[in-house]
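Undergrad: My structure is in data.cif, and what it holds is mmCIF, C-alpha atoms and all ligand atoms:
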data_work
#
loop_
_atom_site.label_atom_id
_atom_site.label_comp_id
_atom_site.auth_asym_id
_atom_site.auth_seq_id
_atom_site.Cartn_x
_atom_site.Cartn_y
_atom_site.Cartn_z
CA MET K 1 19.14 7.76 -9.52
CA LYS K 2 21.88 10.38 -9.27
CA ASP K 3 21.38 12.96 -6.50
CA PHE K 4 18.14 11.33 -5.41
CA GLU K 5 17.87 9.88 -1.95
CA LEU K 6 15.97 6.67 -1.25
CA ILE K 7 13.35 7.45 1.39
CA LYS K 8 11.17 4.40 1.29
CA GLN K 9 11.23 0.87 0.04
CA GLY K 10 7.68 -0.40 -0.39
CA ALA K 11 6.33 -3.69 -1.65
CA GLU K 12 5.96 -2.47 -5.20
CA ALA K 13 8.03 0.67 -5.49
CA ARG K 14 11.05 2.55 -4.25
CA ILE K 15 10.43 6.16 -3.29
CA TYR K 16 13.21 8.68 -3.82
CA LYS K 17 13.36 12.38 -3.18
CA GLY K 18 15.47 14.96 -4.90
CA VAL K 19 15.32 17.97 -7.17
CA TYR K 20 14.03 17.87 -10.74
CA LEU K 21 13.91 21.02 -12.89
CA GLY K 22 14.59 23.00 -9.74
CA LYS K 23 11.65 21.64 -7.79
CA PRO K 24 11.43 19.26 -4.82
CA THR K 25 10.49 15.99 -6.47
CA LEU K 26 9.47 12.52 -5.43
CA VAL K 27 10.29 9.66 -7.76
CA LYS K 28 8.24 6.53 -7.46
CA GLN K 29 10.06 3.76 -9.22
CA ARG K 30 8.26 0.47 -9.55
CA PHE K 31 10.65 -2.46 -9.58
CA GLU K 32 10.60 -5.82 -11.32
CA LYS K 33 8.97 -8.70 -9.52
CA LYS K 34 11.20 -11.67 -10.18
CA TYR K 35 8.45 -14.20 -9.46
CA ARG K 36 6.26 -12.81 -12.24
CA HIS K 37 6.77 -13.65 -15.88
CA PRO K 38 8.84 -10.74 -17.29
CA HIS K 39 6.34 -9.92 -20.01
CA LEU K 40 3.35 -9.99 -17.66
CA ASP K 41 5.32 -8.07 -15.05
CA ASN K 42 6.23 -5.37 -17.52
CA ASN K 43 2.63 -4.96 -18.64
CA LEU K 44 1.26 -4.88 -15.10
CA THR K 45 3.81 -2.31 -14.02
CA LYS K 46 3.11 -0.08 -16.98
CA GLU K 47 -0.62 -0.34 -16.33
CA ARG K 48 -0.08 0.78 -12.73
CA ILE K 49 2.04 3.72 -13.83
CA LYS K 50 -0.52 4.74 -16.43
CA ALA K 51 -3.41 4.30 -14.01
CA GLU K 52 -1.63 6.46 -11.47
CA SER K 53 -0.78 9.23 -13.92
CA ARG K 54 -4.22 9.22 -15.52
CA ALA K 55 -5.96 9.46 -12.15
CA ILE K 56 -3.67 12.30 -11.04
CA VAL K 57 -4.41 14.27 -14.20
CA ARG K 58 -8.15 13.66 -13.82
CA CYS K 59 -8.11 14.71 -10.19
CA ARG K 60 -6.19 17.85 -10.93
CA SER K 61 -8.51 18.86 -13.73
CA ALA K 62 -11.42 18.37 -11.32
CA GLY K 63 -9.77 20.59 -8.70
CA ILE K 64 -8.89 17.71 -6.36
CA GLU K 65 -5.58 18.10 -4.53
CA THR K 66 -2.93 15.58 -5.56
CA PRO K 67 0.79 16.04 -6.22
CA SER K 68 1.55 17.63 -9.60
CA LEU K 69 2.75 15.18 -12.21
CA TYR K 70 6.16 16.17 -13.58
CA LEU K 71 7.24 13.22 -15.73
CA ILE K 72 6.23 9.71 -16.76
CA ASP K 73 9.30 7.62 -17.58
CA LEU K 74 8.21 4.16 -18.67
CA LYS K 75 11.78 3.13 -19.48
CA THR K 76 12.80 3.35 -15.84
CA ARG K 77 9.25 2.55 -14.61
CA SER K 78 9.12 5.86 -12.78
CA LEU K 79 6.76 8.69 -12.04
CA TYR K 80 8.15 12.08 -11.05
CA LEU K 81 5.77 13.92 -8.73
CA GLU K 82 5.64 17.06 -6.68
CA TYR K 83 7.22 16.35 -3.30
CA PHE K 84 5.57 17.87 -0.21
CA GLU K 85 8.38 18.48 2.22
CA HIS K 86 6.18 19.62 5.06
CA SER K 87 3.68 16.83 5.21
CA ILE K 88 2.57 13.93 7.34
CA THR K 89 0.31 11.01 6.55
CA ALA K 90 -3.23 11.09 7.90
CA LYS K 91 -2.25 7.91 9.75
CA ASP K 92 0.40 9.70 11.82
CA PHE K 93 -1.71 12.82 12.21
CA ILE K 94 -4.72 10.95 13.56
CA LYS K 95 -2.67 9.15 16.21
CA GLU K 96 -1.73 12.44 17.88
CA ALA K 97 -4.69 14.67 17.10
CA SER K 98 -7.18 16.19 19.55
CA ASP K 99 -10.93 15.59 19.13
CA GLU K 100 -11.24 19.02 17.59
CA LEU K 101 -8.56 18.33 14.96
CA ILE K 102 -10.04 14.90 14.25
CA GLU K 103 -13.33 16.60 13.48
CA LYS K 104 -11.65 18.88 10.95
CA VAL K 105 -9.57 16.23 9.24
CA ALA K 106 -12.55 13.86 9.11
CA TYR K 107 -14.52 16.55 7.31
CA ASP K 108 -11.76 17.07 4.78
CA ILE K 109 -11.34 13.34 4.15
CA GLY K 110 -15.10 12.93 3.56
CA ALA K 111 -15.19 15.96 1.28
CA ALA K 112 -12.16 14.79 -0.75
CA LEU K 113 -13.76 11.39 -1.22
CA ALA K 114 -17.06 12.94 -2.24
CA LYS K 115 -15.18 14.95 -4.83
CA ILE K 116 -13.29 12.05 -6.40
CA HIS K 117 -16.41 9.88 -6.42
CA GLY K 118 -18.49 12.74 -7.81
CA ASN K 119 -16.03 12.70 -10.71
CA ASN K 120 -16.29 8.90 -10.99
CA ILE K 121 -12.70 8.37 -9.91
CA ILE K 122 -12.15 5.30 -7.74
CA HIS K 123 -8.99 5.48 -5.64
CA GLY K 124 -8.58 1.74 -5.16
CA ASP K 125 -6.30 1.80 -2.08
CA LEU K 126 -7.74 4.36 0.26
CA THR K 127 -5.75 3.85 3.43
CA THR K 128 -4.69 6.56 5.86
CA SER K 129 -1.08 6.24 4.55
CA ASN K 130 -2.35 7.38 1.18
CA ILE K 131 -3.76 10.65 2.48
CA LEU K 132 -1.27 13.43 3.21
CA LEU K 133 -1.69 16.55 5.27
CA VAL K 134 0.49 19.34 3.99
CA ASP K 135 1.49 22.39 5.99
CA LYS K 136 1.06 25.24 3.53
CA THR K 137 3.21 27.62 5.56
CA GLY K 138 6.21 25.27 5.59
CA ARG K 139 6.47 25.43 9.38
CA ASN K 140 5.61 21.81 10.00
CA ASN K 141 3.16 22.88 12.63
CA PHE K 142 0.13 20.69 12.37
CA LYS K 143 -1.56 22.18 15.41
CA SER K 144 -3.29 24.98 13.59
CA TYR K 145 -5.53 23.34 11.05
CA SER K 146 -6.14 26.45 8.96
CA ASP K 147 -2.59 26.06 7.58
CA VAL K 148 -3.19 22.49 6.46
CA LYS K 149 -4.39 21.12 3.14
CA LEU K 150 -5.33 17.55 2.44
CA VAL K 151 -3.78 15.77 -0.54
CA LEU K 152 -4.57 12.33 -1.93
CA ILE K 153 -1.67 10.16 -3.13
CA ASP K 154 -0.87 6.67 -4.40
CA PHE K 155 -3.27 6.20 -7.30
CA GLY K 156 -1.63 3.04 -8.68
CA LEU K 157 -4.87 1.07 -8.31
CA ALA K 158 -7.18 3.87 -9.40
CA HIS K 159 -9.72 3.63 -12.21
CA MET K 160 -12.83 5.31 -13.53
CA ASP K 161 -16.23 3.88 -12.64
CA SER K 162 -19.58 5.56 -12.35
CA SER K 163 -21.36 2.72 -10.50
CA PRO K 164 -21.76 2.79 -6.71
CA GLU K 165 -20.09 -0.61 -6.14
CA ASP K 166 -16.42 0.39 -6.31
CA LYS K 167 -17.14 3.66 -4.51
CA GLY K 168 -18.62 1.60 -1.67
CA VAL K 169 -15.47 -0.52 -1.59
CA ASP K 170 -13.32 2.64 -1.39
CA LEU K 171 -15.30 3.67 1.71
CA TYR K 172 -15.01 0.19 3.19
CA VAL K 173 -11.22 0.11 2.74
CA LEU K 174 -11.00 3.49 4.45
CA GLU K 175 -13.23 2.34 7.30
CA ARG K 176 -11.01 -0.70 7.92
CA ALA K 177 -7.93 1.53 7.87
CA ILE K 178 -9.46 3.88 10.44
CA ILE K 179 -10.57 1.01 12.67
CA SER K 180 -7.00 -0.25 12.73
CA ILE K 181 -5.43 3.03 13.90
CA HIS K 182 -7.95 5.06 15.82
CA ASN K 183 -9.19 4.52 19.36
CA ASN K 184 -12.63 5.90 18.57
CA PRO K 185 -13.05 4.83 14.94
CA ASP K 186 -16.86 4.89 14.95
CA ARG K 187 -17.00 8.58 15.74
CA MET K 188 -14.34 9.43 13.23
CA PHE K 189 -15.86 7.38 10.42
CA ALA K 190 -19.31 8.79 11.16
CA LEU K 191 -17.86 12.29 10.77
CA ILE K 192 -16.27 11.27 7.46
CA LEU K 193 -19.59 9.93 6.20
CA LYS K 194 -21.39 13.07 7.35
CA ALA K 195 -19.08 15.17 5.18
CA TYR K 196 -19.35 12.66 2.33
CA ARG K 197 -23.15 12.99 2.39
CA SER K 198 -23.21 16.74 2.42
CA GLU K 199 -20.55 17.10 -0.30
CA TYR K 200 -22.01 14.41 -2.57
CA PRO K 201 -25.72 15.22 -2.45
CA ASN K 202 -26.69 13.40 -5.64
CA GLY K 203 -24.77 10.20 -5.26
CA HIS K 204 -24.14 9.31 -1.63
CA ALA K 205 -27.29 7.25 -0.99
CA GLU K 206 -26.48 4.45 -3.47
CA VAL K 207 -22.86 4.35 -2.35
CA LEU K 208 -23.79 4.09 1.33
CA ASN K 209 -26.15 1.20 0.52
CA LYS K 210 -23.26 -0.53 -1.21
CA LEU K 211 -21.04 0.16 1.80
CA ASP K 212 -23.56 -1.72 3.96
CA GLU K 213 -23.54 -4.65 1.52
CA VAL K 214 -19.76 -4.76 1.43
CA ARG K 215 -19.62 -4.66 5.25
CA THR K 216 -21.98 -7.64 5.44
CA ARG K 217 -19.90 -9.56 2.92
CA GLY K 218 -16.75 -8.65 4.86
CA ARG K 219 -18.25 -9.95 8.12
CA LYS K 220 -19.36 -13.20 6.48
CA ARG K 221 -15.88 -13.68 5.12
CA LEU K 222 -14.49 -13.16 8.63
CA VAL K 223 -16.87 -15.76 10.08
CA ILE K 224 -16.22 -18.30 7.32
CA GLY K 225 -12.49 -17.59 7.49
N1 LIG T 301 4.13 13.66 -2.99
C1 LIG T 301 4.58 13.28 -1.81
N2 LIG T 301 5.12 14.16 -0.95
C2 LIG T 301 5.59 13.77 0.26
N3 LIG T 301 5.56 12.49 0.71
C3 LIG T 301 5.02 11.56 -0.09
C4 LIG T 301 4.49 11.89 -1.38
N4 LIG T 301 4.04 10.75 -1.96
C5 LIG T 301 4.28 9.76 -1.08
N5 LIG T 301 4.85 10.22 0.05
C6 LIG T 301 5.26 9.42 1.22
O1 LIG T 301 5.74 8.16 0.74
C7 LIG T 301 4.89 7.09 1.19
C8 LIG T 301 4.73 6.05 0.10
O2 LIG T 301 4.14 6.62 -1.08
P1 LIG T 301 3.05 5.84 -1.92
O3 LIG T 301 1.90 5.52 -1.04
O4 LIG T 301 2.79 6.63 -3.15
O5 LIG T 301 3.84 4.53 -2.33
P2 LIG T 301 3.59 2.98 -1.98
O6 LIG T 301 4.60 2.21 -2.73
O7 LIG T 301 2.19 2.64 -2.14
O8 LIG T 301 3.92 2.87 -0.48
P3 LIG T 301 3.01 2.13 0.61
O9 LIG T 301 3.06 0.67 0.27
O10 LIG T 301 3.69 2.52 1.89
O11 LIG T 301 1.61 2.70 0.50
C9 LIG T 301 3.59 7.77 1.59
O12 LIG T 301 2.86 7.02 2.55
C10 LIG T 301 4.08 9.12 2.11
O13 LIG T 301 4.55 8.98 3.45
MG MG T 302 0.83 4.00 -0.41
#
Mind converting the file's structure to structure tokens?
Ligand SMILES: Nc1ncnc2c1ncn2[C@@H]1O[C@H](COP(=O)(O)OP(=O)(O)OP(=O)(O)O)[C@@H](O)[C@H]1O
Ligand SMILES: [Mg+2]

TA:
Amino acid sequence: MKDFELIKQGAEARIYKGVYLGKPTLVKQRFEKKYRHPHLDNNLTKERIKAESRAIVRCRSAGIETPSLYLIDLKTRSLYLEYFEHSITAKDFIKEASDELIEKVAYDIGAALAKIHGNNIIHGDLTTSNILLVDKTGRNNFKSYSDVKLVLIDFGLAHMDSSPEDKGVDLYVLERAIISIHNNPDRMFALILKAYRSEYPNGHAEVLNKLDEVRTRGRKRLVIG
């Protein structure tokens, strides 16, 4: 990766940043897993890359903020995406934020989720590291929320599904993520659900029922071990 700088080594992918066609670009290169059969590994990786690019295109055509997709390069197992220089993950933002900012970001998270689910897009890995807050002014000042937009990333496990089940699981995954980082997770998650309800008037009820079911299953699993 000439002129690209490695910024993150994850479990499945290396993340590089650089310039592509004159624009700040993030390259997400999925690497081979030696323990998997090469043929199976290749198929799985390509499926992830296709799932991610398909979901990004669907989101963008539905007006949901995600990075722009610049290039799909199956030969090098890479996706080239718009890189947001002035951004932080929701995870880092939430740790520092005042109650007032939490209220605003919670609303935006709930509304973004309502929008993807309203379009039958399941994210599949909805943690607070996979939600970015971008400073539109480029000042990296996350104190004034009117300059911030929320962007969803990391769609490698995304798929289309119109039933409430997988939407409920998306909410559950997010709830667990918030419980693990926030000191008042109940308030924050309640605010997220409030926004989800108001922005998804025709679908939220079934999904919230599923969320309750998934929570009960999750608790049983914890008890059984
Ligand atoms: N378009 C982007 N602009 C700026 N930063 C980004 C962008 N996409 C990803 N990042 C940063 O890189 C991190 C990893 O990206 P991503 O979640 O897509 O890959 P990943 O392999 O799933 O990593 P992880 O296992 O940490 O979730 C993000 O948590 C975020 O901090
Ligand atoms: Mg991620």

Undergrad: Using all atoms listed in the file, determine which residues fall within 10 Å of ligand LIG 301 (chain T), then list them as a PDB file with C-alpha atoms, in the frame of the given file.

TA:
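Output file selection_6.pdb is given in full below:
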ATOM      1  CA  ILE K   7      13.350   7.450   1.390  1.00  0.00           C
ATOM      2  CA  LYS K   8      11.170   4.400   1.290  1.00  0.00           C
ATOM      3  CA  GLN K   9      11.230   0.870   0.040  1.00  0.00           C
ATOM      4  CA  GLY K  10       7.680  -0.400  -0.390  1.00  0.00           C
ATOM      5  CA  ALA K  11       6.330  -3.690  -1.650  1.00  0.00           C
ATOM      6  CA  GLU K  12       5.960  -2.470  -5.200  1.00  0.00           C
ATOM      7  CA  ALA K  13       8.030   0.670  -5.490  1.00  0.00           C
ATOM      8  CA  ARG K  14      11.050   2.550  -4.250  1.00  0.00           C
ATOM      9  CA  ILE K  15      10.430   6.160  -3.290  1.00  0.00           C
ATOM     10  CA  TYR K  16      13.210   8.680  -3.820  1.00  0.00           C
ATOM     11  CA  LYS K  17      13.360  12.380  -3.180  1.00  0.00           C
ATOM     12  CA  PRO K  24      11.430  19.260  -4.820  1.00  0.00           C
ATOM     13  CA  THR K  25      10.490  15.990  -6.470  1.00  0.00           C
ATOM     14  CA  LEU K  26       9.470  12.520  -5.430  1.00  0.00           C
ATOM     15  CA  VAL K  27      10.290   9.660  -7.760  1.00  0.00           C
ATOM     16  CA  LYS K  28       8.240   6.530  -7.460  1.00  0.00           C
ATOM     17  CA  GLN K  29      10.060   3.760  -9.220  1.00  0.00           C
ATOM     18  CA  ARG K  30       8.260   0.470  -9.550  1.00  0.00           C
ATOM     19  CA  GLU K  52      -1.630   6.460 -11.470  1.00  0.00           C
ATOM     20  CA  THR K  66      -2.930  15.580  -5.560  1.00  0.00           C
ATOM     21  CA  PRO K  67       0.790  16.040  -6.220  1.00  0.00           C
ATOM     22  CA  SER K  68       1.550  17.630  -9.600  1.00  0.00           C
ATOM     23  CA  LEU K  69       2.750  15.180 -12.210  1.00  0.00           C
ATOM     24  CA  LEU K  79       6.760   8.690 -12.040  1.00  0.00           C
ATOM     25  CA  TYR K  80       8.150  12.080 -11.050  1.00  0.00           C
ATOM     26  CA  LEU K  81       5.770  13.920  -8.730  1.00  0.00           C
ATOM     27  CA  GLU K  82       5.640  17.060  -6.680  1.00  0.00           C
ATOM     28  CA  TYR K  83       7.220  16.350  -3.300  1.00  0.00           C
ATOM     29  CA  PHE K  84       5.570  17.870  -0.210  1.00  0.00           C
ATOM     30  CA  GLU K  85       8.380  18.480   2.220  1.00  0.00           C
ATOM     31  CA  HIS K  86       6.180  19.620   5.060  1.00  0.00           C
ATOM     32  CA  SER K  87       3.680  16.830   5.210  1.00  0.00           C
ATOM     33  CA  ILE K  88       2.570  13.930   7.340  1.00  0.00           C
ATOM     34  CA  THR K  89       0.310  11.010   6.550  1.00  0.00           C
ATOM     35  CA  ALA K  90      -3.230  11.090   7.900  1.00  0.00           C
ATOM     36  CA  LYS K  91      -2.250   7.910   9.750  1.00  0.00           C
ATOM     37  CA  ASP K  92       0.400   9.700  11.820  1.00  0.00           C
ATOM     38  CA  ASP K 125      -6.300   1.800  -2.080  1.00  0.00           C
ATOM     39  CA  LEU K 126      -7.740   4.360   0.260  1.00  0.00           C
ATOM     40  CA  THR K 127      -5.750   3.850   3.430  1.00  0.00           C
ATOM     41  CA  THR K 128      -4.690   6.560   5.860  1.00  0.00           C
ATOM     42  CA  SER K 129      -1.080   6.240   4.550  1.00  0.00           C
ATOM     43  CA  ASN K 130      -2.350   7.380   1.180  1.00  0.00           C
ATOM     44  CA  ILE K 131      -3.760  10.650   2.480  1.00  0.00           C
ATOM     45  CA  LEU K 132      -1.270  13.430   3.210  1.00  0.00           C
ATOM     46  CA  LEU K 133      -1.690  16.550   5.270  1.00  0.00           C
ATOM     47  CA  VAL K 134       0.490  19.340   3.990  1.00  0.00           C
ATOM     48  CA  VAL K 151      -3.780  15.770  -0.540  1.00  0.00           C
ATOM     49  CA  LEU K 152      -4.570  12.330  -1.930  1.00  0.00           C
ATOM     50  CA  ILE K 153      -1.670  10.160  -3.130  1.00  0.00           C
ATOM     51  CA  ASP K 154      -0.870   6.670  -4.400  1.00  0.00           C
ATOM     52  CA  PHE K 155      -3.270   6.200  -7.300  1.00  0.00           C
ATOM     53  CA  GLY K 156      -1.630   3.040  -8.680  1.00  0.00           C
ATOM     54  CA  LEU K 157      -4.870   1.070  -8.310  1.00  0.00           C
TER      55      LEU K 157
END

Undergrad: Compare K:Lys33, K:Lys95, K:Lys167, K:Lys2 by their minimum atom-to-atom distance to Tyr20 (chain K), counting only C-alpha atoms, and give me the closest one.

TA: K:Lys2

Undergrad: Taking only C-alpha atoms into account, name the residue in K:Asp73, K:Glu100, K:Asp166, K:Glu175 that is nearest to Ile121 (chain K).

TA: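 Smallest separation from Ile121 (chain K) among the options: K:Asp166.
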
Undergrad: With a distance cut-off of 12 Å and only C-alpha atoms, select the neighbouring residues of Ser146 (chain K), excluding the residue or stretch itself and same-chain residues fewer than 5 positions from it, and output the selection as a ChimeraX atom specification.

TA: /K:101,104-105,108,133-137,141

Undergrad: Of the candidates K:Ala158, K:His182, K:Thr45, K:Ile109, which shows the shortest atom-to-atom distance to Val57 (chain K), using all atoms listed in the file?

TA: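 Going through K:Ala158, K:His182, K:Thr45, K:Ile109 one by one, the smallest distance to Val57 (chain K) is for K:Ala158.
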
Undergrad: With distances taken over all atoms listed in the file, which of K:His123, K:Tyr200, K:His159, K:Asn43 is nearest to ligand MG 302 (chain T)?

TA: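 Closest candidate: K:His123.
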
Undergrad: So which one's closest to ligand MG 302 (chain T), K:Ser162, K:Val19, K:Gly124, K:Ala62? Using only C-alpha atoms and all ligand atoms, please.

TA: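 Of all the options, K:Gly124 lies closest to ligand MG 302 (chain T).
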
Undergrad: In Å to one decimal, how far is CA of Tyr196 (chain K) from CA of Ile56 (chain K)?

TA: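 About the pair CA of Ile56 (chain K) and CA of Tyr196 (chain K): they are 20.6 Å apart.
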
Undergrad: Considering all atoms listed in the file, state which residue in the set K:Leu171, K:Ala51, K:Ala106, K:Leu71 is at the smallest distance from Ile192 (chain K).

TA: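 Residue with the minimum atom-to-atom distance to Ile192 (chain K): K:Ala106.
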
Undergrad: Kindly give the distance, in Å, that separates CA of Ala112 (chain K) and CA of Leu193 (chain K), rounded to a single decimal.

TA: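 CA of Leu193 (chain K) lies at a distance of 11.3 Å from CA of Ala112 (chain K).
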
Undergrad: Measure the distance from CA of Tyr107 (chain K) to CA of Pro185 (chain K) in Å and round it to one decimal.

TA: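 Going from CA of Tyr107 (chain K) over to CA of Pro185 (chain K) covers 14.1 Å.
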
Undergrad: Which polymer residues have any atom within 12 Å of an atom of Asp212 (chain K), counting all atoms listed in the file, with same-chain residues fewer than 4 positions away left out, as a short mmCIF file (atom, residue, chain, number, x, y, z; two decimals) with C-alpha atoms, in the coordinates of the input?

TA:
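Saved to part.cif:
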data_model
loop_
_atom_site.label_atom_id
_atom_site.label_comp_id
_atom_site.auth_asym_id
_atom_site.auth_seq_id
_atom_site.Cartn_x
_atom_site.Cartn_y
_atom_site.Cartn_z
CA PRO K 164 -21.76 2.79 -6.71
CA GLU K 165 -20.09 -0.61 -6.14
CA LYS K 167 -17.14 3.66 -4.51
CA GLY K 168 -18.62 1.60 -1.67
CA VAL K 169 -15.47 -0.52 -1.59
CA LEU K 171 -15.30 3.67 1.71
CA TYR K 172 -15.01 0.19 3.19
CA GLU K 175 -13.23 2.34 7.30
CA ALA K 205 -27.29 7.25 -0.99
CA GLU K 206 -26.48 4.45 -3.47
CA VAL K 207 -22.86 4.35 -2.35
CA LEU K 208 -23.79 4.09 1.33
CA THR K 216 -21.98 -7.64 5.44
CA ARG K 217 -19.90 -9.56 2.92
CA GLY K 218 -16.75 -8.65 4.86
CA ARG K 219 -18.25 -9.95 8.12
#

Undergrad: Around all of region 145-157 of chain K's listed atoms, make the axis-aligned box with 5 Å on each side and tell me centre and edge lengths in Å to one decimal, as JSON.

TA:
{"center_x": -3.5, "center_y": 13.8, "center_z": 1.2, "size_x": 15.3, "size_y": 35.4, "size_z": 29.7}

Undergrad: Can you complete the atoms of region 107-129 of chain K to N, CA and C atoms and list them as an mmCIF file, in the coordinates of the input?

TA:
data_model
loop_
_atom_site.group_PDB
_atom_site.id
_atom_site.type_symbol
_atom_site.label_atom_id
_atom_site.label_comp_id
_atom_site.auth_asym_id
_atom_site.auth_seq_id
_atom_site.Cartn_x
_atom_site.Cartn_y
_atom_site.Cartn_z
ATOM 1 N N TYR K 107 -13.708 15.831 8.304
ATOM 2 C CA TYR K 107 -14.520 16.550 7.310
ATOM 3 C C TYR K 107 -13.796 16.607 5.971
ATOM 4 N N ASP K 108 -12.517 16.947 6.027
ATOM 5 C CA ASP K 108 -11.760 17.070 4.780
ATOM 6 C C ASP K 108 -11.616 15.743 4.047
ATOM 7 N N ILE K 109 -11.459 14.664 4.798
ATOM 8 C CA ILE K 109 -11.340 13.340 4.150
ATOM 9 C C ILE K 109 -12.669 13.012 3.456
ATOM 10 N N GLY K 110 -13.778 13.217 4.155
ATOM 11 C CA GLY K 110 -15.100 12.930 3.560
ATOM 12 C C GLY K 110 -15.351 13.784 2.333
ATOM 13 N N ALA K 111 -14.953 15.052 2.411
ATOM 14 C CA ALA K 111 -15.190 15.960 1.280
ATOM 15 C C ALA K 111 -14.314 15.577 0.082
ATOM 16 N N ALA K 112 -13.063 15.176 0.351
ATOM 17 C CA ALA K 112 -12.160 14.790 -0.750
ATOM 18 C C ALA K 112 -12.700 13.540 -1.453
ATOM 19 N N LEU K 113 -13.190 12.610 -0.643
ATOM 20 C CA LEU K 113 -13.760 11.390 -1.220
ATOM 21 C C LEU K 113 -14.997 11.688 -2.050
ATOM 22 N N ALA K 114 -15.847 12.551 -1.512
ATOM 23 C CA ALA K 114 -17.060 12.940 -2.240
ATOM 24 C C ALA K 114 -16.676 13.527 -3.591
ATOM 25 N N LYS K 115 -15.597 14.292 -3.593
ATOM 26 C CA LYS K 115 -15.180 14.950 -4.830
ATOM 27 C C LYS K 115 -14.638 13.950 -5.850
ATOM 28 N N ILE K 116 -13.792 13.016 -5.406
ATOM 29 C CA ILE K 116 -13.290 12.050 -6.400
ATOM 30 C C ILE K 116 -14.441 11.171 -6.897
ATOM 31 N N HIS K 117 -15.299 10.742 -5.984
ATOM 32 C CA HIS K 117 -16.410 9.880 -6.420
ATOM 33 C C HIS K 117 -17.402 10.643 -7.293
ATOM 34 N N GLY K 118 -17.612 11.903 -6.981
ATOM 35 C CA GLY K 118 -18.490 12.740 -7.810
ATOM 36 C C GLY K 118 -17.965 12.855 -9.226
ATOM 37 N N ASN K 119 -16.639 12.691 -9.373
ATOM 38 C CA ASN K 119 -16.030 12.700 -10.710
ATOM 39 C C ASN K 119 -15.782 11.286 -11.243
ATOM 40 N N ASN K 120 -16.401 10.313 -10.588
ATOM 41 C CA ASN K 120 -16.290 8.900 -10.990
ATOM 42 C C ASN K 120 -14.869 8.360 -10.985
ATOM 43 N N ILE K 121 -14.056 8.893 -10.089
ATOM 44 C CA ILE K 121 -12.700 8.370 -9.910
ATOM 45 C C ILE K 121 -12.730 7.460 -8.674
ATOM 46 N N ILE K 122 -12.265 6.229 -8.860
ATOM 47 C CA ILE K 122 -12.150 5.300 -7.740
ATOM 48 C C ILE K 122 -10.684 5.273 -7.333
ATOM 49 N N HIS K 123 -10.395 5.439 -6.058
ATOM 50 C CA HIS K 123 -8.990 5.480 -5.640
ATOM 51 C C HIS K 123 -8.362 4.087 -5.663
ATOM 52 N N GLY K 124 -9.052 3.122 -5.091
ATOM 53 C CA GLY K 124 -8.580 1.740 -5.160
ATOM 54 C C GLY K 124 -7.688 1.285 -4.009
ATOM 55 N N ASP K 125 -7.152 2.207 -3.213
ATOM 56 C CA ASP K 125 -6.300 1.800 -2.080
ATOM 57 C C ASP K 125 -6.329 2.908 -1.024
ATOM 58 N N LEU K 126 -7.540 3.180 -0.561
ATOM 59 C CA LEU K 126 -7.740 4.360 0.260
ATOM 60 C C LEU K 126 -7.431 4.094 1.725
ATOM 61 N N THR K 127 -6.141 4.015 2.043
ATOM 62 C CA THR K 127 -5.750 3.850 3.430
ATOM 63 C C THR K 127 -5.311 5.222 3.972
ATOM 64 N N THR K 128 -5.095 5.275 5.277
ATOM 65 C CA THR K 128 -4.690 6.560 5.860
ATOM 66 C C THR K 128 -3.214 6.889 5.570
ATOM 67 N N SER K 129 -2.450 5.921 5.004
ATOM 68 C CA SER K 129 -1.080 6.240 4.550
ATOM 69 C C SER K 129 -1.106 6.882 3.180
#
